[in-house]
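Next up, work32.txt (compact mmCIF, C-alpha atoms):
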# COMPACT_ATOMS: atom_id res chain seq x y z
CA MET A 1 28.75 12.60 -9.82
CA SER A 2 27.43 12.60 -13.33
CA LYS A 3 28.37 10.94 -16.53
CA THR A 4 27.78 12.25 -20.01
CA PRO A 5 24.90 10.28 -21.48
CA THR A 6 25.86 7.88 -24.19
CA THR A 7 23.63 6.76 -26.99
CA ALA A 8 23.90 3.51 -28.85
CA ALA A 9 25.36 3.81 -32.34
CA GLY A 10 22.80 4.51 -35.02
CA ALA A 11 20.08 5.63 -32.73
CA ASP A 12 19.26 9.31 -32.51
CA GLU A 13 16.76 8.84 -29.78
CA PRO A 14 17.13 6.00 -27.31
CA GLU A 15 14.20 3.67 -26.81
CA TYR A 16 14.70 3.88 -23.13
CA LEU A 17 16.83 5.77 -20.71
CA LEU A 18 18.32 4.07 -17.68
CA ILE A 19 18.78 6.56 -14.88
CA MET A 20 20.73 5.89 -11.71
CA PRO A 21 19.52 8.39 -9.12
CA ALA A 22 22.17 9.37 -6.62
CA ASN A 23 21.81 7.47 -3.38
CA THR A 24 21.37 10.46 -1.13
CA LEU A 25 19.20 8.75 1.48
CA SER A 26 21.73 6.04 2.17
CA LYS A 27 24.49 8.61 2.59
CA LYS A 28 22.62 10.63 5.15
CA ALA A 29 20.64 8.01 7.06
CA VAL A 30 22.44 4.66 7.04
CA GLN A 31 24.93 3.71 9.71
CA LYS A 32 27.01 0.57 9.73
CA VAL A 33 26.89 -0.95 13.17
CA ALA A 34 29.36 -3.54 14.37
CA GLY A 35 27.86 -6.86 15.36
CA GLY A 36 24.46 -8.23 14.64
CA SER A 37 23.09 -9.08 11.27
CA GLY A 38 20.00 -8.45 9.26
CA ILE A 39 17.64 -5.71 10.30
CA ASP A 40 17.58 -3.58 13.41
CA MET A 41 15.26 -5.48 15.72
CA THR A 42 15.68 -2.88 18.45
CA ALA A 43 14.03 -0.24 16.27
CA ILE A 44 11.24 -2.64 15.41
CA ALA A 45 10.68 -3.50 19.07
CA LYS A 46 10.44 0.22 19.93
CA ALA A 47 7.88 0.78 17.19
CA GLU A 48 5.85 -2.23 18.32
CA LYS A 49 5.88 -0.86 21.85
CA ALA A 50 4.66 2.51 20.56
CA LEU A 51 1.89 0.73 18.67
CA ASP A 52 0.97 -1.20 21.83
CA ALA A 53 0.26 2.12 23.51
CA LEU A 54 -2.45 2.75 20.90
CA LYS A 55 -4.21 -0.53 21.59
CA VAL A 56 -6.55 1.01 24.14
CA ASP A 57 -8.16 2.84 21.20
CA PHE A 58 -8.37 -0.11 18.81
CA ASP A 59 -11.83 -1.31 19.85
CA ASN A 60 -13.24 2.18 19.35
CA TRP A 61 -11.53 2.45 15.99
CA MET A 62 -12.84 -0.95 14.95
CA ASN A 63 -16.29 0.24 16.01
CA ASP A 64 -15.89 3.28 13.75
CA GLU A 65 -14.94 1.12 10.78
CA VAL A 66 -17.77 -1.36 11.32
CA ASP A 67 -20.23 1.54 11.76
CA LYS A 68 -19.25 2.76 8.28
CA LEU A 69 -19.85 -0.74 6.96
CA LEU A 70 -23.28 -0.95 8.61
CA LYS A 71 -24.31 2.47 7.30
CA ALA A 72 -23.25 1.58 3.78
CA HIS A 73 -25.11 -1.71 4.05
CA ALA A 74 -28.23 0.11 5.31
CA GLY A 75 -28.09 2.19 2.12
CA ILE A 76 -28.13 -0.99 0.05
CA LEU A 77 -31.03 -2.43 2.04
CA LYS A 78 -33.00 0.78 1.51
CA TYR A 79 -32.14 1.64 -2.10
CA GLY A 80 -30.84 -1.61 -3.54
CA PRO A 81 -27.35 -2.44 -4.82
CA ILE A 82 -26.93 0.72 -6.88
CA PHE A 83 -23.55 2.18 -7.69
CA ASP A 84 -23.09 4.80 -4.96
CA HIS A 85 -24.13 2.50 -2.14
CA LEU A 86 -22.11 -0.39 -3.50
CA GLN A 87 -19.09 1.87 -3.69
CA ALA A 88 -19.63 2.99 -0.11
CA LEU A 89 -19.96 -0.63 0.99
CA TYR A 90 -16.84 -1.61 -0.91
CA ASN A 91 -14.85 1.26 0.59
CA ALA A 92 -15.96 0.37 4.10
CA ALA A 93 -15.25 -3.34 3.63
CA HIS A 94 -11.88 -2.45 2.12
CA ASP A 95 -10.97 -0.43 5.22
CA VAL A 96 -12.04 -3.30 7.47
CA ARG A 97 -9.94 -5.84 5.55
CA GLY A 98 -6.93 -3.56 5.81
CA GLN A 99 -7.20 -2.73 9.49
CA ALA A 100 -9.17 -5.41 11.35
CA ALA A 101 -6.14 -7.63 11.95
CA THR A 102 -4.18 -4.69 13.34
CA PHE A 103 -7.10 -3.96 15.66
CA GLY A 104 -7.12 -7.56 16.88
CA TYR A 105 -9.89 -9.01 14.70
CA PRO A 106 -8.15 -11.02 11.96
CA LEU A 107 -11.23 -13.10 11.11
CA ALA A 108 -13.22 -9.93 10.46
CA GLY A 109 -10.43 -8.86 8.11
CA SER A 110 -10.62 -12.16 6.20
CA ILE A 111 -14.40 -11.94 5.89
CA ALA A 112 -14.17 -8.35 4.66
CA ASP A 113 -11.52 -9.48 2.17
CA ASN A 114 -13.89 -12.10 0.81
CA LEU A 115 -16.69 -9.54 0.61
CA CYS A 116 -14.43 -7.19 -1.38
CA HIS A 117 -13.43 -10.06 -3.63
CA TYR A 118 -17.10 -10.89 -4.23
CA LEU A 119 -17.97 -7.25 -4.98
CA ASP A 120 -14.96 -6.92 -7.28
CA GLU A 121 -16.12 -9.90 -9.30
CA HIS A 122 -19.81 -9.14 -9.47
CA ARG A 123 -20.60 -5.46 -9.14
CA GLU A 124 -19.89 -4.75 -12.81
CA THR A 125 -22.38 -7.41 -13.89
CA GLY A 126 -25.04 -6.42 -11.38
CA ASN A 127 -25.38 -10.11 -10.53
CA LEU A 128 -25.18 -9.58 -6.79
CA SER A 129 -26.85 -11.45 -3.99
CA THR A 130 -27.86 -8.99 -1.28
CA PRO A 131 -28.50 -11.83 1.23
CA PHE A 132 -24.94 -13.04 0.65
CA ILE A 133 -23.63 -9.54 1.29
CA GLU A 134 -25.76 -9.32 4.41
CA VAL A 135 -24.32 -12.54 5.84
CA HIS A 136 -20.83 -11.08 5.57
CA VAL A 137 -21.83 -7.78 7.17
CA ASN A 138 -23.62 -9.56 10.00
CA ALA A 139 -20.66 -11.86 10.57
CA ILE A 140 -18.30 -8.89 10.97
CA LYS A 141 -20.80 -7.20 13.27
CA ALA A 142 -21.06 -10.34 15.43
CA ILE A 143 -17.28 -10.71 15.62
CA LEU A 144 -16.96 -7.21 17.01
CA ARG A 145 -19.95 -7.51 19.34
CA GLU A 146 -18.68 -10.78 20.81
CA HIS A 147 -15.01 -9.77 20.71
CA VAL A 148 -14.01 -12.79 18.65
CA ARG A 149 -10.27 -12.35 18.31
CA ASP A 150 -9.21 -15.97 17.94
CA ARG A 151 -9.98 -17.89 14.76
CA GLU A 152 -10.43 -21.09 16.80
CA ASN A 153 -13.01 -19.50 19.08
CA PRO A 154 -16.22 -21.64 18.89
CA LEU A 155 -18.16 -18.63 17.61
CA ALA A 156 -15.51 -18.04 14.93
CA VAL A 157 -15.88 -21.64 13.80
CA GLN A 158 -19.67 -21.24 13.71
CA ILE A 159 -19.42 -18.01 11.71
CA ARG A 160 -17.12 -19.57 9.15
CA GLN A 161 -19.53 -22.49 8.76
CA GLU A 162 -22.48 -20.12 8.28
CA LEU A 163 -20.57 -18.24 5.59
CA GLN A 164 -19.84 -21.47 3.77
CA ASP A 165 -23.52 -22.43 3.94
CA ALA A 166 -24.52 -18.99 2.68
CA ARG A 167 -22.15 -19.34 -0.24
CA LYS A 168 -23.79 -22.62 -1.24
CA ARG A 169 -27.23 -21.03 -1.03
CA PHE A 170 -26.67 -17.58 -2.51
CA ALA A 171 -23.48 -17.61 -4.54
CA PRO A 172 -22.51 -21.18 -5.42
CA GLU A 173 -20.62 -20.02 -8.50
CA THR A 174 -18.33 -17.81 -6.45
CA ALA A 175 -15.26 -19.01 -4.65
CA ASP A 176 -13.36 -17.28 -1.93
CA ARG A 177 -10.14 -15.86 -3.14
CA VAL A 178 -7.95 -18.86 -3.81
CA SER A 179 -4.72 -17.22 -4.89
CA GLU A 180 -2.32 -16.07 -2.26
CA PRO A 181 -2.30 -12.32 -1.79
CA ILE A 182 0.69 -10.50 -3.24
CA THR A 183 2.66 -8.97 -0.39
CA SER A 184 5.67 -7.59 -2.23
CA LEU A 185 6.63 -6.49 -5.73
CA ASP A 186 9.16 -9.31 -5.61
CA ASP A 187 6.22 -11.74 -5.70
CA LEU A 188 5.18 -10.63 -9.19
CA MET B 1 24.33 -4.61 10.43
CA LEU B 2 22.88 -1.56 8.75
CA ARG B 3 20.92 0.81 10.93
CA ILE B 4 18.72 3.54 9.56
CA ASP B 5 18.78 6.86 11.31
CA PHE B 6 15.11 7.72 10.90
CA ASN B 7 15.78 11.03 12.54
CA LYS B 8 17.45 12.12 9.30
CA LEU B 9 14.51 11.22 7.09
CA ARG B 10 11.38 13.21 6.29
CA PHE B 11 8.19 11.25 5.65
CA LEU B 12 4.87 12.09 4.06
CA VAL B 13 1.93 9.78 4.83
CA VAL B 14 -1.07 10.16 2.52
CA ASP B 15 -4.14 8.19 3.59
CA ASP B 16 -7.79 9.17 3.88
CA ASN B 17 -8.25 6.96 6.94
CA ALA B 18 -7.28 8.83 10.11
CA HIS B 19 -6.74 5.62 12.06
CA MET B 20 -4.29 4.29 9.52
CA ARG B 21 -2.41 7.60 9.42
CA ARG B 22 -2.12 7.47 13.19
CA ILE B 23 -0.80 3.90 13.10
CA VAL B 24 1.80 4.67 10.44
CA ARG B 25 2.89 7.85 12.20
CA THR B 26 3.20 5.96 15.49
CA LEU B 27 5.37 3.29 13.88
CA LEU B 28 7.60 5.86 12.19
CA HIS B 29 8.02 7.82 15.43
CA GLY B 30 8.75 4.52 17.13
CA PHE B 31 11.57 3.93 14.63
CA GLY B 32 12.93 7.34 15.57
CA ALA B 33 11.53 9.59 12.85
CA ARG B 34 10.73 13.15 13.88
CA GLU B 35 9.46 14.64 10.67
CA VAL B 36 6.26 12.90 9.63
CA TYR B 37 3.77 14.94 7.62
CA GLU B 38 0.28 13.79 6.81
CA ALA B 39 -2.34 14.40 4.13
CA GLU B 40 -5.82 12.93 3.84
CA ASP B 41 -6.37 12.82 0.08
CA GLY B 42 -4.42 12.84 -3.15
CA ALA B 43 -4.75 16.57 -3.75
CA SER B 44 -3.55 17.63 -0.34
CA GLY B 45 -0.91 14.91 -0.62
CA LEU B 46 0.47 16.52 -3.76
CA GLU B 47 0.44 19.91 -2.09
CA ALA B 48 2.25 18.49 0.96
CA PHE B 49 4.77 16.80 -1.33
CA THR B 50 5.54 20.15 -2.92
CA THR B 51 5.65 21.99 0.38
CA TYR B 52 7.64 19.57 2.53
CA ALA B 53 9.79 17.78 -0.08
CA PRO B 54 9.72 14.47 1.80
CA ASP B 55 12.44 11.86 1.45
CA ILE B 56 9.93 9.03 1.40
CA VAL B 57 6.20 9.02 0.58
CA ILE B 58 3.86 6.40 2.03
CA VAL B 59 0.58 6.45 0.18
CA ASP B 60 -2.74 4.64 0.32
CA TRP B 61 -4.42 3.55 -2.91
CA ALA B 62 -8.11 4.37 -2.47
CA MET B 63 -8.56 8.04 -1.61
CA PRO B 64 -10.88 10.91 -2.55
CA ILE B 65 -10.13 13.52 -5.24
CA PHE B 66 -7.36 11.49 -6.76
CA ASP B 67 -6.07 8.19 -5.58
CA GLY B 68 -2.63 6.92 -4.67
CA LEU B 69 -1.78 5.78 -8.19
CA GLU B 70 -2.81 9.11 -9.68
CA LEU B 71 -0.72 10.86 -7.06
CA THR B 72 2.20 8.61 -7.96
CA SER B 73 1.82 9.49 -11.65
CA MET B 74 1.78 13.19 -10.81
CA ILE B 75 4.96 12.87 -8.77
CA ARG B 76 6.70 10.80 -11.45
CA GLN B 77 7.06 13.63 -13.92
CA PRO B 78 10.66 13.56 -15.14
CA ASP B 79 10.87 17.30 -15.63
CA ALA B 80 9.17 18.26 -12.39
CA ASN B 81 10.81 20.73 -10.06
CA GLN B 82 10.22 18.45 -7.11
CA ASN B 83 12.03 15.15 -6.76
CA PRO B 84 10.44 12.72 -9.25
CA TYR B 85 12.69 9.93 -7.97
CA VAL B 86 11.30 10.04 -4.45
CA PRO B 87 10.67 6.54 -3.08
CA ILE B 88 6.94 5.85 -2.95
CA ILE B 89 5.70 3.02 -0.76
CA LEU B 90 2.13 2.02 -1.56
CA LEU B 91 0.31 0.84 1.57
CA THR B 92 -2.91 -0.88 0.61
CA ALA B 93 -5.24 -3.79 1.21
CA HIS B 94 -5.45 -4.38 -2.55
CA SER B 95 -3.29 -7.47 -2.83
CA GLU B 96 -4.67 -9.05 -6.01
CA LYS B 97 -1.99 -9.63 -8.60
CA SER B 98 -3.68 -7.52 -11.29
CA ARG B 99 -3.94 -4.59 -8.88
CA VAL B 100 -0.34 -4.87 -7.76
CA ILE B 101 0.81 -4.91 -11.39
CA ARG B 102 -1.20 -1.72 -11.99
CA ALA B 103 0.45 -0.12 -9.00
CA ARG B 104 3.91 -1.15 -10.16
CA ASP B 105 3.20 0.24 -13.62
CA ALA B 106 2.11 3.55 -12.09
CA GLY B 107 5.63 3.95 -10.72
CA ILE B 108 5.56 2.92 -7.08
CA THR B 109 8.86 1.90 -5.54
CA GLU B 110 7.62 -0.59 -2.97
CA PHE B 111 4.35 -2.31 -2.15
CA LEU B 112 3.22 -2.92 1.41
CA CYS B 113 0.14 -5.03 1.96
CA LYS B 114 -2.15 -4.31 4.90
CA PRO B 115 -2.40 -5.32 7.67
CA ILE B 116 0.71 -3.35 8.45
CA SER B 117 3.37 -4.47 10.90
CA ALA B 118 6.40 -2.71 12.31
CA LYS B 119 8.70 -5.22 10.67
CA SER B 120 7.15 -5.01 7.20
CA LEU B 121 7.21 -1.21 7.23
CA TYR B 122 10.79 -1.15 8.45
CA GLN B 123 11.86 -3.58 5.72
CA ARG B 124 10.29 -1.45 2.98
CA VAL B 125 11.95 1.71 4.26
CA LEU B 126 15.27 -0.10 4.59
CA ASN B 127 14.96 -1.33 1.04
CA VAL B 128 14.26 2.07 -0.52
CA VAL B 129 17.05 3.70 1.49
CA VAL B 130 19.76 1.08 1.05
CA ASN B 131 18.87 -0.31 -2.36
CA PRO B 132 17.41 2.49 -4.46
CA ARG B 133 16.13 1.22 -7.78
CA PRO B 134 17.37 2.54 -11.10
CA PHE B 135 14.79 4.46 -13.07
CA ILE B 136 13.57 3.76 -16.54
CA LYS B 137 12.30 6.46 -18.87
CA THR B 138 10.48 5.49 -22.04
CA LYS B 139 7.78 7.15 -24.10
CA ASN B 140 5.15 5.58 -21.90
CA TYR B 141 6.78 5.07 -18.54
CA PHE B 142 8.90 6.91 -16.06
CA GLY B 143 9.58 5.20 -12.78
CA PRO B 144 11.59 2.57 -10.94
CA ASP B 145 12.85 -0.34 -13.00
CA ARG B 146 10.01 -2.83 -12.92
CA ARG B 147 12.28 -5.85 -13.35
CA ARG B 148 13.14 -6.93 -9.86
CA SER B 149 14.49 -10.38 -10.48
CA THR B 150 18.26 -10.59 -10.46
CA SER B 151 18.30 -14.00 -12.11
CA GLY B 152 18.29 -12.58 -15.62
CA ASN B 153 15.50 -14.97 -16.53
CA HIS B 154 13.02 -12.28 -17.51
CA VAL B 155 9.53 -13.58 -18.24
CA GLY B 156 7.51 -11.54 -20.73
CA PRO B 157 8.23 -9.54 -23.85
CA GLU B 158 11.89 -8.60 -24.16
CA ARG B 159 11.36 -4.98 -25.04
CA ARG B 160 14.89 -4.00 -24.19
CA LYS B 161 16.61 -6.50 -26.44
CA ASN B 162 18.26 -4.68 -29.32
CA ALA B 163 16.74 -1.44 -28.09
CA SER B 164 19.07 1.48 -27.91
CA GLU B 165 19.94 2.32 -24.36
CA GLN B 166 21.17 5.48 -22.77
CA ILE B 167 22.61 5.49 -19.29
CA ASP B 168 22.49 8.63 -17.26
CA ILE B 169 23.85 9.05 -13.78
CA GLN B 170 21.44 11.51 -12.25
CA PRO B 171 23.18 13.65 -9.64
CA LEU B 172 19.87 14.91 -8.27
CA ALA B 173 21.51 18.21 -7.44
CA ASP B 174 18.44 20.16 -8.41
CA LYS B 175 15.93 17.43 -7.64
CA THR B 176 16.22 17.06 -3.92
CA ARG B 177 15.91 19.51 -1.11
CA GLU B 178 19.06 20.76 0.44
CA THR B 179 19.61 19.17 3.78
CA ALA B 180 20.72 21.24 6.68
Encoded form using structure tokens:
Amino acid sequence: MSKTPTTAAGADEPEYLLIMPANTLSKKAVQKVAGGSGIDMTAIAKAEKALDALKVDFDNWMNDEVDKLLKAHAGILKYGPIFDHLQALYNAAHDVRGQAATFGYPLAGSIADNLCHYLDEHRETGNLSTPFIEVHVNAIKAILREHVRDRENPLAVQIRQELQDARKRFAPETADRVSEPITSLDDL
Amino acid sequence: MLRIDFNKLRFLVVDDNAHMRRIVRTLLHGFGAREVYEAEDGASGLEAFTTYAPDIVIVDWAMPIFDGLELTSMIRQPDANQNPYVPIILLTAHSEKSRVIRARDAGITEFLCKPISAKSLYQRVLNVVVNPRPFIKTKNYFGPDRRRSTSGNHVGPERRKNASEQIDIQPLADKTRETA
């Protein structure tokens, strides 16, 4: 169904055009089901079960991601924090922060998130502490090596304390990300 | 309750990380989708978009060649032959406010922050299918209406006040693939 466009009086060219795309997806893919409310938890449960079947691979995949991080970090140790190696480190840390929790290592994801935040804030200025970066990389490596999946694990507590100490020593002017991450466009 | 028949939807997942593509594909198949296409960078993503005419695109931000926002801008060309209104769900670990605003301004439809979960992905798909957003076309922007609040208490410059407005109901007859 279409409607002839209308233009406000006195304006040859509208400042903006509001377009209502036809809702074709809803017509072809949405069913109204009697009973129940909210979203289809059965579909979600099936997808979670399918994801569970992948879990046997998660440790190998986490290994792959941490290997990329270690290789990128080795480049920085060898050549210094120059652009290409910093970018490689950032990309690897970014992948870890996005996937570690899915793979069962949420603390590694949080540490990688803080590393990305630190690189975001400082790589333009060149005011980077390579020891501070190294502490983060080593912490993620230790989490994987020791299979630290629980944030309350004694080793997890120790790692968090060491990171706080490292911050005081190497980057006292830098805070961990304090604002809550945005999880939806509705949060803006 | 509304139930989505994923079997009727065609997805394109564009992400340079093979593990993440596998996870997203597994979740979509778990929901019941059969047609899930994949691409590993922005360029092949654009090619796959043209070839497969997906109903929904799920795209990562950081990718080689061109990234997810550049891909979004290329898709959001109002005169393109392919469907410029296609829902685009950005799946990314970039959750800082400034980044999310950039993504919104590039024309994404929904934002999904990693780590991904079955429920969060389902909710985003449900939203784009059941509640498609109106589009806004200006000199500088073409994409989903960026004002999401329904309260009417818009915060920020009121660019639309006193601006001339044109409303067009887009039938999409020549913008979407024919469905069998």
At most 12 Å is the cut-off: for each residue in region 10-79 of chain B with any atom that close to an atom of region 85-93 of chain A, write down the nearest atom pair and the distance in Å rounded to one decimal, counting only C-alpha atoms, chain first then increasing number, as JSON lines.
{"residue": "B:Asp16", "atom": "CA", "partner": "A:Asn91", "partner_atom": "CA", "distance": 11.1}
{"residue": "B:Asn17", "atom": "CA", "partner": "A:Ala92", "partner_atom": "CA", "distance": 10.5}
{"residue": "B:Trp61", "atom": "CA", "partner": "A:Asn91", "partner_atom": "CA", "distance": 11.2}
{"residue": "B:Ala62", "atom": "CA", "partner": "A:Asn91", "partner_atom": "CA", "distance": 8.0}
{"residue": "B:Met63", "atom": "CA", "partner": "A:Asn91", "partner_atom": "CA", "distance": 9.5}
{"residue": "B:Pro64", "atom": "CA", "partner": "A:Asn91", "partner_atom": "CA", "distance": 10.9}
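Comparing B:Ser98, B:Thr51, B:Asn127, B:Thr26 by their smallest distance to chain A, the closest is B:Thr26 (using only C-alpha atoms).
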_Env of Gly68 (chain B): 12 Å cut, atoms = all atoms listed in the file, seq-sep filter 2 positions within chain, self excluded. Answer as a PyMOL selection string._
chain B and resi 13-16+39-46+57-66+70-75+88-92+94+102-104+106-108+111
*Fewer than 5 positions away in the same chain doesn't count, so skip those; otherwise give me all residues within 10 Å of Phe58 (chain A), counting all atoms listed in the file, as a VMD selection string.*
(chain A and resid 52 63 to 64 99 to 100 102 to 105) or (chain B and resid 19)
Could you give me the centre and size, in Å to one decimal, of an axis-aligned box around all listed atoms of region 71-84 of chain A with 5 Å added on every side, as lines of an AutoDock Vina configuration file?
center_x = -28.0
center_y = 1.2
center_z = -0.2
size_x = 19.9
size_y = 17.2
size_z = 25.0
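Of the residues listed (A:Leu70, A:Leu25, A:Val33, A:Leu54), A:Leu25 shows the shortest atom-to-atom separation from Pro54 (chain B); distances use only C-alpha atoms.
Considering the residues A:Leu188, A:Val96, A:Ala112, A:Ile39 and counting all atoms listed in the file, Trp61 (chain A) has its shortest atom-to-atom contact with A:Val96.
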*Can you tell me, as a PyMOL selection string, what residues are no more than 12 Å from Met1 (chain B) when counting all atoms listed in the file, ignoring any on the same chain fewer than 3 positions away?*
(chain A and resi 30-42) or (chain B and resi 4+126+130)
With C-alpha atoms retained, could you export that selection as a short mmCIF file (atom, residue, chain, number, x, y, z; two decimals), in the coordinates of the input?
data_model
loop_
_atom_site.label_atom_id
_atom_site.label_comp_id
_atom_site.auth_asym_id
_atom_site.auth_seq_id
_atom_site.Cartn_x
_atom_site.Cartn_y
_atom_site.Cartn_z
CA VAL A 30 22.44 4.66 7.04
CA GLN A 31 24.93 3.71 9.71
CA LYS A 32 27.01 0.57 9.73
CA VAL A 33 26.89 -0.95 13.17
CA ALA A 34 29.36 -3.54 14.37
CA GLY A 35 27.86 -6.86 15.36
CA GLY A 36 24.46 -8.23 14.64
CA SER A 37 23.09 -9.08 11.27
CA GLY A 38 20.00 -8.45 9.26
CA ILE A 39 17.64 -5.71 10.30
CA ASP A 40 17.58 -3.58 13.41
CA MET A 41 15.26 -5.48 15.72
CA THR A 42 15.68 -2.88 18.45
CA ILE B 4 18.72 3.54 9.56
CA LEU B 126 15.27 -0.10 4.59
CA VAL B 130 19.76 1.08 1.05
#
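If all atoms listed in the file are the atoms counted, then among B:Pro78, B:Pro115, B:Pro87, B:Gly30 the closest residue to Asn131 (chain B) is B:Pro87.
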*So which residues touch Leu163 (chain A) within 10 Å, counting all atoms listed in the file, skipping near sequence neighbours fewer than 3 positions away, as a list in words?*
Ile111, Phe132, Val135, His136, Ala139, Gln158, Ile159, Arg160, Ala166, Arg167, Lys168 and Arg169 of chain A
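Atom pair CA of Ala171 (chain A) / CA of Lys141 (chain A): separated by 20.8 Å.
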*Counting only C-alpha atoms, which residues come within 7 Å of (2.6, -0.3, 13.0), with the point read in the file's coordinates, and could you list them as a ChimeraX atom specification?*
/A:47-48,51 /B:23-24,26-27,116-118
Could those residues be written to a file, using C-alpha atoms, as a JSON list (two decimals), in the frame of the given file?
[["chain", "number", "residue", "atom", "x", "y", "z"],
["A", 47, "ALA", "CA", 7.88, 0.78, 17.19],
["A", 48, "GLU", "CA", 5.85, -2.23, 18.32],
["A", 51, "LEU", "CA", 1.89, 0.73, 18.67],
["B", 23, "ILE", "CA", -0.80, 3.90, 13.10],
["B", 24, "VAL", "CA", 1.80, 4.67, 10.44],
["B", 26, "THR", "CA", 3.20, 5.96, 15.49],
["B", 27, "LEU", "CA", 5.37, 3.29, 13.88],
["B", 116, "ILE", "CA", 0.71, -3.35, 8.45],
["B", 117, "SER", "CA", 3.37, -4.47, 10.90],
["B", 118, "ALA", "CA", 6.40, -2.71, 12.31]]
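When only C-alpha atoms are used to compute distances to Glu134 (chain A), the closest of the residues A:Lys49, A:Lys68, A:His73, A:Lys28 turns out to be A:His73.
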